[in-house]
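Here is the structure we will look at, set down as structure tokens.
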Amino acid sequence: MRNTALYIFAATALLLTVSCEKAEFLNRAPYSSTAPENFYSTESQMNMALVSCYETINTHKIPGLTYCQRGSYAQGLMYLMNAPSDCVVGQASSMGEGVEMEQCTFDESSNCIRHFWKVFYTGINRCNIILAYIDGISGLSEEKKVQFKAEARFMRAFYYYHLAWNFGGIPIVTDYASAGDEPRSSLKDVYEQLIIPDLEYASANLAEAGGLIANVSVDKYVAEAYMGRICNYLAACKRYGTGANLVAEQPLNDFSWVNANAMSAKAKAALEDVCLNSPYILNPDYRMNFLEAAKSEQKKECMLLAEQPLSGSEGYWPNSYYIPTSVNPPAYPTTYGGRHIPTYRGFYMFSPKDSRRDWNYVGRATDGYTEIKLANCNYPVPVFQDSITVTVKDAEGKPVVDPVSGETVKQKILHPLYDSPTQTYRANSNLQICTGKFRLARIEELQRTYQQSALSYPLMRLADVYLMYAEALYFTGDEANGRVWMNKVLRRASTDEANYNELLAAYHRDDFVEELLESRERELSMECSRRWDLIRFNRIDEAISSLDQERVSEYKGDPIDEEYLLIPETSALRILIGTLKQNWMPFKIWLPISEEQRGVNKGLSQNAGWGASVQ
């Protein structure tokens with residue numbers, strides 16, 4: 001978060017007994033004589049502690065772990081939160097760098113899984129310290145104490161919900177001085193005893209705007225948005241039987257306790273307040289939500305960001321290696337365009353006239369790019385190669401042979417990969433589309449190096465709230481109004497009325513849920529949505545298994561040569577889709593409890609299917 005570097009020392013010095021972190025923490029002597037009981041005595045010190053709670057979202061180190069590999073949003077947590085799904089796969093040359101989630105090759109020793117657990121329990125522990133000491137601060141008004149509690153409890157719920165979504169039942173730790181030996185609690189207890197009460201308290205007590213820490217604090221509408229997200233998730237998991245086949249082996253991850261109708265009603269009430277009364281708006285220009293140097297524009301719609309500073313003097317900058325973007329030319333930071341590859345399903349989920357398609361999915365900048373000026377900075381617009389050499393065929397579809405040379409006749413075809421008018425993703429081109437939603441500015445326009453970025457990653461946007469509200473309306477019996485709110489998001493994709501009506505027709509599905517999930521992927525691609533939607537609606541097994549490795553079965557446009565739709569054996573997408581399908585198994589909806597954590601805490605049981613005994 002912005003301006004948090006000065007406060008990290010408090011957590012570094014004091015959080016030496018962080019629950020569920022490395023075993024040596026539990027017996028290590030303090031770095032200094034400072035201890036919680038004699039440090040947290042003033043409002044200023046509490047402010048430091050509160051900033052450290054937010055800072056954990058984007059931290060690059062925690063006590064005992066100097067480098068959080070994919071364990072925080074600054075270090076690529078989006079790899080873990082976005083995949084596996086049916087809309088994106090990870091480049092084969094990037095094994096072991098977080099994209100094992102997209103390839104579904106992760107296991108209990110994967111760094112991203114181990115570090116994620118440690119980082120987020122560090123965040124929980126920092127929140128617990130505030131809650132333990134805030135009432136003892138003399139001279140602080142009761143109103144201020146309630147504000148500190150509300151922000152700390154929101155952040156604690158934020159960290160717990162991430163862990164519960166990924167691991168299922170987890171240890172409930174409310175004592176900052178815990179020995180770290182708590183067993184896993186059931187999902188029922190995690191949500192009913194902690195996450196939901198924390199969000200209810202935050203919603204009731206947070207300010208409607210601003211907060212204790214300028215430019216950092218959440219407000220009541222953020223808490224309500226997360227309440228809606230949690231309640232929609234739980235309701236869907238109950239209705240559609242998420243993980244029901246795994247409960248016999250691991251009873252902790254059971255959703256049978258959920259009252260789905262009550263959860264949908266709770267989601268509706270929370271989200272309705274955000275939609276009707278919050279100060280947030282949909283940015284008229286979709287692109288403004290994903291630009292490195294457009295923070296003021298981002299914050300009009302982005303209710304919570306994993307925020308990075310624009311100046312190197314303001315804090316740690318993440319290496320742009322972790323940004324899922326297409327950029328890699330000399331004028332921009334060094335990133336790894338092509339690491340995340342959209343599947344044909346992800347690509348063809350868009351109409352050719354949907355402006356979000358050409359922003360979310362692009363070519364690699366190394367293949368060529370132009371520039372566009374947005375929010376006072378220049379950003380790349382990757383372009384595709386404009387021709388490919390193909391075999392000429394006769395009327396019977398047989399290759400034409402030159403009678404003189406005896407060689408097969410070749411010719412060049414324009415726009416081999418795609419073009420906006422036809423939106424054709426031609427499999428035989430062997431060119432590559434990659435995710436390009438997040439754009440980095442020229443290095444000379446910001447104070448940073450080629451290896452760094454200042455991009456703030458959206459964690460909650462108003463567009464997501466509209467779509468979540470549409471879902472809650474549908475499941476509380478108001479499909480018509482649900483479609484109205486769903487289409488408010490679509491309306492931004494085209495300012496032309498005729499074009500908007502074409503999109504409405506192209507995207508309409510009689511099945512509301514099917515249309516909703518496609519709408520969410522179009523709007524929220526690479527924003528930690530698709531994987532969770534497939535899991536909570538119990539569609540992920542079918543979605544992954546139905547991916548076609550041999551033919552672009554998703555193409556529904558004008559008839560074209562079948563050659564363009566056959567996926568060559570050497571194609572990266574054919575290989576990567578095959579890898580995903582081979583490695584996906586139904587029990588992988590839950591991440592494994594790492595061997596490291598089970599070694600530290602003998603009371604931790606393993607999730608079903610991961611090869612260890614469960615309790």
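Identifiers for the structure tokens are assigned positionally: chains receive A, B, ... in sequence, residues are indexed from 1 per chain, and ligands are indexed from 1 in the order shown.
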Compile the contact shell of segment 304-313 of chain A as a PDB file with C-alpha atoms, in the first residue's frame: residues with an atom at most 7 Å away, counting only C-alpha atoms, same-chain residues fewer than 2 positions apart removed.
ATOM      1  CA  MET A   1       0.000   0.000   0.000  1.00  0.00           C
ATOM      2  CA  ARG A   2       1.050   3.606  -0.475  1.00  0.00           C
ATOM      3  CA  ILE A  57      -1.630  -7.592   0.729  1.00  0.00           C
ATOM      4  CA  ASN A  58       1.389  -6.513  -1.290  1.00  0.00           C
ATOM      5  CA  TYR A  73      -0.369  -9.775  -4.794  1.00  0.00           C
ATOM      6  CA  CYS A 302     -11.800   0.146  -8.030  1.00  0.00           C
ATOM      7  CA  GLY A 315       7.957   1.847  -0.908  1.00  0.00           C
ATOM      8  CA  TYR A 316       8.816  -1.499  -2.449  1.00  0.00           C
ATOM      9  CA  TRP A 317       8.147  -1.984  -6.107  1.00  0.00           C
ATOM     10  CA  LEU A 446       7.832   7.133 -14.101  1.00  0.00           C
ATOM     11  CA  GLN A 447      10.642   6.768 -11.586  1.00  0.00           C
ATOM     12  CA  ARG A 448      11.536   3.128 -11.957  1.00  0.00           C
ATOM     13  CA  ALA A 454       3.936   0.583 -10.054  1.00  0.00           C
ATOM     14  CA  LEU A 455       0.729  -1.058 -11.248  1.00  0.00           C
ATOM     15  CA  SER A 456      -2.043  -1.381  -8.670  1.00  0.00           C
ATOM     16  CA  TYR A 457      -4.032  -4.586  -9.108  1.00  0.00           C
ATOM     17  CA  PRO A 458      -7.852  -4.335  -8.766  1.00  0.00           C
ATOM     18  CA  LEU A 459      -9.285  -6.562  -6.022  1.00  0.00           C
ATOM     19  CA  MET A 460     -12.871  -5.260  -6.027  1.00  0.00           C
TER      20      MET A 460
END
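By chain and then residue number, the residues within 6 Å of Ala83 of chain A are Met101, Glu102 and Arg531 of chain A, counting only C-alpha atoms and disregarding those fewer than 5 positions away in sequence.
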Kindly export the residues of the current selection with N, CA, C and O atoms, as a CSV table (one decimal), in the first residue's frame.
chain,number,residue,atom,x,y,z
A,101,MET,N,0.0,-23.2,-11.5
A,101,MET,CA,-1.4,-23.2,-11.3
A,101,MET,C,-2.2,-23.3,-12.6
A,101,MET,O,-3.2,-24.0,-12.6
A,102,GLU,N,-1.8,-22.6,-13.6
A,102,GLU,CA,-2.5,-22.6,-14.9
A,102,GLU,C,-2.3,-23.9,-15.6
A,102,GLU,O,-3.1,-24.4,-16.3
A,531,ARG,N,-12.0,-19.0,-12.2
A,531,ARG,CA,-11.8,-20.2,-11.4
A,531,ARG,C,-12.9,-20.4,-10.4
A,531,ARG,O,-13.4,-21.5,-10.2
Exercise. Select, from A:Pro568, A:Gly337, A:Gly241, A:Gly228, the residue with the minimum atom-to-atom distance to Tyr469 of chain A, counting only C-alpha atoms.
Key: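 Among A:Pro568, A:Gly337, A:Gly241, A:Gly228, it is A:Gly228 that comes nearest to Tyr469 of chain A.
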Quiz item: So which one's closest to Thr334 of chain A, A:Met349, A:Ala441, A:Arg229, A:Ala293? Using only C-alpha atoms, please.
Solution: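 Ranking A:Met349, A:Ala441, A:Arg229, A:Ala293 by distance to Thr334 of chain A, first place goes to A:Ala441.
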Quiz prompt | Nearest to Glu515 of chain A by atom-to-atom distance, counting only C-alpha atoms, from A:Ala207, A:Ala331, A:Ile172, A:Leu490 | solution =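 For Glu515 of chain A, the nearest of the candidates is A:Leu490.
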Self-check item: Shell of 9 Å around Ala223 of chain A, only C-alpha atoms, local chain residues under 2 positions omitted, as an MDAnalysis selection string
Solution: chainID A and resid 154 199:200 202:203 206 218:221 225:228 270
Quiz item: From the set A:Gly406, A:Arg345, A:Val401, A:Asp548, which residue has the shortest atom-to-atom contact distance to Glu518 of chain A, counting only C-alpha atoms?
Solution: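 The closest residue to Glu518 of chain A is A:Arg345.
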Exercise. Select, from A:Arg126, A:Lys556, A:Lys266, A:Arg551, the residue with the minimum atom-to-atom distance to Arg574 of chain A, counting only C-alpha atoms.
Key: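 Once distances to Arg574 of chain A are computed over only C-alpha atoms, the minimum belongs to A:Arg551.
Residue nearest Asn283 of chain A within the list A:Val489, A:Ala74, A:Leu565, A:Leu580: A:Val489 [criterion: smallest interatomic distance, only C-alpha atoms].
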Quiz item: atom CA of Thr370 of chain A and atom CA of Pro329 of chain A are how many Å apart?
Solution: 10.9 Å
Practice problem: Mind checking which residues fall within 9 Å of segment 105-120 of chain A, counting only C-alpha atoms, ignoring those fewer than 3 positions away in the same chain, and posting them as an NGL selection string? | Solution: :A and (18-22 or 56-57 or 59 or 61-62 or 65 or 67-72 or 76-77 or 79-80 or 95-102 or 123-125 or 159-160 or 162-163 or 579-580 or 583-584 or 591-597 or 610)
Exercise. Fewer than 4 positions away in the same chain doesn't count, so skip those; otherwise give me all residues within 9 Å of segment 85-89 of chain A, counting only C-alpha atoms, as a count of residues only.
Key: 31
